[in-house]
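Text of data-v8.txt (compact mmCIF, C-alpha atoms) as supplied:
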```txt
# COMPACT_ATOMS: atom_id res chain seq x y z
CA VAL J 1 -24.02 -10.56 -6.71
CA PRO J 2 -23.38 -7.75 -4.18
CA ASP J 3 -25.97 -9.39 -1.86
CA LEU J 4 -24.09 -12.70 -2.13
CA LEU J 5 -20.79 -10.96 -1.32
CA LEU J 6 -22.35 -9.31 1.71
CA TRP J 7 -23.78 -12.65 2.85
CA ALA J 8 -20.40 -14.39 2.47
CA ALA J 9 -18.65 -11.66 4.47
CA ALA J 10 -21.36 -11.66 7.15
CA ASN J 11 -21.11 -15.44 7.40
CA ALA J 12 -17.31 -15.28 7.76
CA PHE J 13 -17.67 -12.80 10.62
CA ALA J 14 -20.50 -14.73 12.30
CA VAL J 15 -18.65 -18.05 12.20
CA ASN J 16 -15.21 -16.70 13.13
CA ALA J 17 -15.26 -13.33 14.89
CA ASP J 18 -18.66 -13.40 16.61
CA ALA J 19 -18.55 -17.08 17.54
CA THR J 20 -15.04 -16.78 18.97
CA ARG J 21 -16.03 -13.74 21.01
CA ALA J 22 -19.05 -15.65 22.39
CA LEU J 23 -16.95 -18.74 23.12
CA VAL J 24 -14.35 -16.68 24.98
CA GLN J 25 -17.10 -15.10 27.09
CA GLU J 26 -18.58 -18.51 27.91
CA CYS J 27 -15.15 -19.86 28.84
CA ARG J 28 -14.59 -16.98 31.27
CA ARG J 29 -18.08 -17.45 32.72
CA ALA J 30 -17.54 -21.20 33.15
CA GLY J 31 -14.09 -20.82 34.70
CA VAL J 32 -12.19 -22.33 31.79
CA ARG J 33 -8.64 -21.05 31.99
CA ASP J 34 -6.96 -22.30 28.78
CA PHE J 35 -7.92 -21.48 25.20
CA LEU J 36 -6.33 -22.78 22.00
CA PHE J 37 -7.36 -20.81 18.94
CA ALA J 38 -6.86 -22.05 15.38
CA GLY J 39 -6.40 -19.00 13.23
CA THR J 40 -4.86 -18.67 9.80
CA ILE J 41 -1.66 -17.31 8.30
CA ALA J 42 -3.95 -15.18 6.10
CA VAL J 43 -4.23 -12.62 8.91
CA LYS J 44 -0.71 -11.52 7.91
CA TYR J 45 -1.54 -10.88 4.26
CA PRO J 46 -0.59 -7.31 3.36
CA ASP J 47 -4.04 -6.61 1.94
CA VAL J 48 -7.08 -8.38 3.36
CA GLY J 49 -9.55 -5.88 1.94
CA HIS J 50 -11.13 -8.51 -0.33
CA TYR J 51 -10.75 -11.34 2.17
CA ALA J 52 -13.51 -11.30 4.78
CA TYR J 53 -12.31 -14.61 6.24
CA ALA J 54 -8.89 -13.12 7.11
CA ARG J 55 -10.45 -9.96 8.58
CA ALA J 56 -12.81 -12.10 10.68
CA LYS J 57 -9.91 -14.21 11.94
CA GLN J 58 -8.05 -11.00 12.86
CA GLN J 59 -11.00 -9.95 15.01
CA ALA J 60 -11.21 -13.43 16.52
CA GLU J 61 -7.52 -13.34 17.47
CA ALA J 62 -8.06 -9.95 19.11
CA SER J 63 -10.92 -11.42 21.18
CA VAL J 64 -8.66 -14.24 22.34
CA ARG J 65 -5.78 -11.86 23.20
CA GLU J 66 -8.10 -9.59 25.19
CA SER J 67 -9.90 -12.48 26.93
CA GLY J 68 -7.84 -12.69 30.09
CA LEU J 69 -7.53 -16.44 29.49
CA ARG J 70 -4.29 -18.34 29.12
CA TYR J 71 -4.15 -18.86 25.39
CA THR J 72 -2.20 -20.17 22.47
CA ILE J 73 -2.92 -19.09 18.91
CA VAL J 74 -1.88 -21.27 16.00
CA ARG J 75 -1.79 -19.91 12.47
CA PRO J 76 -1.54 -22.77 10.02
CA THR J 77 -0.59 -22.18 6.43
CA ILE J 78 -2.37 -24.06 3.63
CA VAL J 79 -3.61 -27.28 5.26
CA LEU J 80 -3.57 -30.27 2.93
CA GLY J 81 -5.21 -33.65 3.35
CA ALA J 82 -6.86 -36.16 1.06
CA ASP J 83 -10.32 -34.74 1.65
CA SER J 84 -9.48 -31.12 2.44
CA PRO J 85 -11.39 -28.58 0.36
CA VAL J 86 -8.23 -26.63 -0.48
CA TRP J 87 -6.50 -29.79 -1.75
CA ARG J 88 -9.50 -30.67 -3.93
CA GLN J 89 -9.54 -27.12 -5.31
CA ILE J 90 -5.81 -27.07 -6.07
CA ALA J 91 -5.99 -30.56 -7.60
CA ARG J 92 -8.86 -29.42 -9.86
CA LEU J 93 -6.91 -26.35 -10.89
CA ALA J 94 -3.77 -28.40 -11.57
CA ALA J 95 -5.70 -31.01 -13.59
CA ARG J 96 -6.43 -28.60 -16.42
CA HIS J 97 -4.60 -28.94 -19.73
CA VAL J 98 -3.69 -25.26 -19.59
CA ILE J 99 -3.51 -23.80 -16.09
CA VAL J 100 -4.38 -20.12 -15.83
CA LEU J 101 -2.91 -18.52 -12.73
CA PRO J 102 -3.79 -14.95 -11.81
CA GLY J 103 -0.65 -13.05 -10.88
CA HIS J 104 2.98 -14.00 -11.26
CA GLY J 105 2.82 -17.23 -9.22
CA ARG J 106 5.97 -16.40 -7.24
CA VAL J 107 4.10 -16.06 -3.93
CA ARG J 108 5.78 -18.38 -1.44
CA ILE J 109 3.67 -21.01 0.28
CA GLN J 110 4.47 -23.58 2.95
CA PRO J 111 1.70 -26.18 2.92
CA ILE J 112 1.29 -28.42 5.95
CA PHE J 113 -0.23 -31.88 5.94
CA VAL J 114 -3.25 -32.12 8.23
CA ALA J 115 -1.73 -34.97 10.28
CA ASP J 116 1.37 -32.85 10.96
CA LEU J 117 -0.80 -29.93 12.03
CA VAL J 118 -2.75 -32.19 14.40
CA ASN J 119 0.51 -33.53 15.87
CA ASP J 120 1.78 -29.98 16.41
CA ILE J 121 -1.44 -28.99 18.18
CA LEU J 122 -1.37 -32.14 20.33
CA THR J 123 2.21 -31.31 21.34
CA LEU J 124 1.12 -27.84 22.44
CA LEU J 125 -1.72 -29.35 24.48
CA ARG J 126 0.48 -32.04 26.06
CA ASN J 127 3.04 -29.40 27.01
CA ASP J 128 0.35 -27.19 28.55
CA ASP J 129 1.65 -24.46 26.28
CA PHE J 130 -0.81 -21.67 27.10
CA ASP J 131 1.54 -18.76 27.64
CA GLN J 132 0.00 -16.11 25.38
CA ARG J 133 2.07 -17.25 22.41
CA LEU J 134 1.50 -17.44 18.72
CA TYR J 135 2.73 -20.29 16.52
CA GLU J 136 2.83 -20.12 12.75
CA LEU J 137 2.67 -23.71 11.54
CA GLY J 138 3.75 -24.77 8.08
CA GLY J 139 5.22 -27.80 6.42
CA PRO J 140 8.90 -28.51 5.88
CA GLU J 141 9.12 -27.04 2.36
CA ILE J 142 8.67 -23.50 1.11
CA THR J 143 7.84 -23.23 -2.58
CA SER J 144 6.20 -20.84 -5.00
CA PHE J 145 2.53 -21.32 -5.78
CA ASP J 146 3.45 -21.76 -9.45
CA SER J 147 5.92 -24.56 -8.63
CA PHE J 148 3.43 -26.24 -6.32
CA VAL J 149 0.65 -26.28 -8.94
CA ARG J 150 3.10 -27.56 -11.56
CA ARG J 151 4.23 -30.34 -9.23
CA VAL J 152 0.64 -31.38 -8.52
CA HIS J 153 -0.07 -31.43 -12.26
CA ARG J 154 3.03 -33.55 -12.95
CA MET J 155 2.16 -35.92 -10.09
CA ARG J 156 -1.35 -36.48 -11.40
CA SER J 157 -0.77 -36.45 -15.16
CA GLY J 158 2.82 -37.60 -15.60
CA HIS J 159 3.81 -34.60 -17.72
CA ASP J 160 4.73 -30.96 -17.30
CA ALA J 161 1.98 -28.37 -17.06
CA ARG J 162 1.39 -25.49 -19.41
CA VAL J 163 0.83 -22.47 -17.20
CA VAL J 164 -0.37 -19.05 -18.30
CA HIS J 165 -0.04 -16.13 -15.90
CA VAL J 166 -2.59 -13.32 -16.13
CA PRO J 167 -1.84 -9.92 -14.53
CA LEU J 168 -3.73 -9.76 -11.26
CA GLY J 169 -4.85 -6.12 -11.15
CA PRO J 170 -7.25 -6.13 -14.11
CA VAL J 171 -8.80 -9.50 -13.25
CA VAL J 172 -9.65 -8.90 -9.57
CA PRO J 173 -13.10 -7.36 -10.25
CA LEU J 174 -13.94 -10.18 -12.68
CA LEU J 175 -12.67 -12.85 -10.28
CA THR J 176 -14.73 -11.31 -7.47
CA LEU J 177 -17.87 -11.84 -9.55
CA VAL J 178 -16.84 -15.36 -10.60
CA GLU J 179 -15.98 -16.32 -7.01
CA THR J 180 -19.50 -15.49 -5.86
CA ALA J 181 -21.12 -17.39 -8.73
CA VAL J 182 -18.92 -20.51 -8.61
CA LYS J 183 -19.22 -22.37 -5.33
CA ARG J 184 -15.93 -24.25 -5.77
CA PHE J 185 -13.76 -21.49 -7.13
CA PRO J 186 -10.19 -22.78 -6.57
CA ILE J 187 -8.79 -19.66 -4.89
CA LYS J 188 -10.44 -16.84 -2.98
CA VAL J 189 -9.80 -13.39 -4.42
CA GLY J 190 -8.51 -12.26 -1.04
CA GLN J 191 -5.88 -15.00 -1.15
CA LEU J 192 -4.59 -13.66 -4.44
```
Give the structure from the file, written as structure tokens.
Amino acid sequence: VPDLLLWAAANAFAVNADATRALVQECRRAGVRDFLFAGTIAVKYPDVGHYAYARAKQQAEASVRESGLRYTIVRPTIVLGADSPVWRQIARLAARHVIVLPGHGRVRIQPIFVADLVNDILTLLRNDDFDQRLYELGGPEITSFDSFVRRVHRMRSGHDARVVHVPLGPVVPLLTLVETAVKRFPIKVGQL
């Protein structure tokens, strides 16, 4: 399992941090002047120690900021769409008869529909908005994760969900092991 964790972290850094750094270098070499980077709101999480993806995106953002290019960074929140992996994972979680949520569930989320995110990005491009700015993009509603999962359950089943909250601290080591063994684990430990 430790080897799998190391591979997942290395992959996150290769795909996000290293690839962004290489792309920035190639843009400078080729004379490209504008760069739009799609990051993630996860870079603002207070603790990204267990979340290699967020740490890799932090490094990628730093590469963009230091590039000398005109840039815009967008940080979308949870991106939802009919075929998005996160939507499928949340829908699977919410479909259970008893939903077990690690933590208190009061964390606030602001999901954005993929079409709205695309429209926001197209607006930035049309407006030639490359002035070293950062945009955090979320949907129109802020809700708790608990409320969101309950709403998805009600929408799909027609009745209220039974939700059990498990204290987060003691389950993090166990969830870390489960996350590496289960390819479609609904939530990354770092997100918790």
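You will find CA of Glu66 in chain J at 24.3 Å from CA of Asp120 in chain J.
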Can you tell me how far CA of Asp131 in chain J sits from CA of Arg108 in chain J, in Å to one decimal? 29.4 Å
Need to verify the contact set: range 73-76 of chain J, 6 Å, all atoms listed in the file, exclusion of same-chain residues closer than 6 positions in sequence. Can you return it as a PyMOL selection string? chain J and resi 36-41+134-138
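Across the structure, CA of Glu141 in chain J and CA of Arg96 in chain J are spaced 24.4 Å apart.
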Leaving out Cys27 in chain J and any residue of its chain fewer than 2 positions from it, which residues lie within 12 Å of it when counting only C-alpha atoms, given as a PyMOL selection string? chain J and resi 20-25+29-36+64+67-71
Hey, can I get the axis-aligned box for range 56-75 of chain J? All listed atoms, 5 Å padding on each side, centre and edge lengths in Å to one decimal, as AutoDock Vina command-line options.
```
--center_x -7.3 --center_y -15.4 --center_z 20.4 --size_x 21.0 --size_y 21.7 --size_z 29.4
```
Show which residues sit within 12 Å of Ala161 in chain J, as a PyMOL selection string. Count all atoms listed in the file, and ignore same-chain residues fewer than 5 positions away. chain J and resi 93-101+146-156
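Considering all atoms listed in the file, the residue among J:Ala42, J:Ala14, J:Pro111, J:Asp160 positioned nearest to Val79 in chain J is J:Pro111.
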Considering only C-alpha atoms, return as a list in words whatever protein or nucleic-acid residues lie within 12 Å of Phe13 in chain J, sequence-local ones (same chain, fewer than 4 positions apart) excluded. Leu6, Trp7, Ala8, Ala9, Ala17, Asp18, Ala19, Thr20, Arg21, Tyr51, Ala52, Tyr53, Ala54, Arg55, Ala56, Lys57, Gln58, Gln59 and Ala60 of chain J
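With all atoms listed in the file as the basis for measurement, J:Val43 is the residue among J:Val43, J:Ile121, J:Ile90, J:Ala10 that approaches Ala62 in chain J most closely.
You can rank J:Arg65, J:Thr143, J:Arg106, J:Thr72 by their closest distance to Asp128 in chain J using all atoms listed in the file, and at the top of that list sits J:Thr72.
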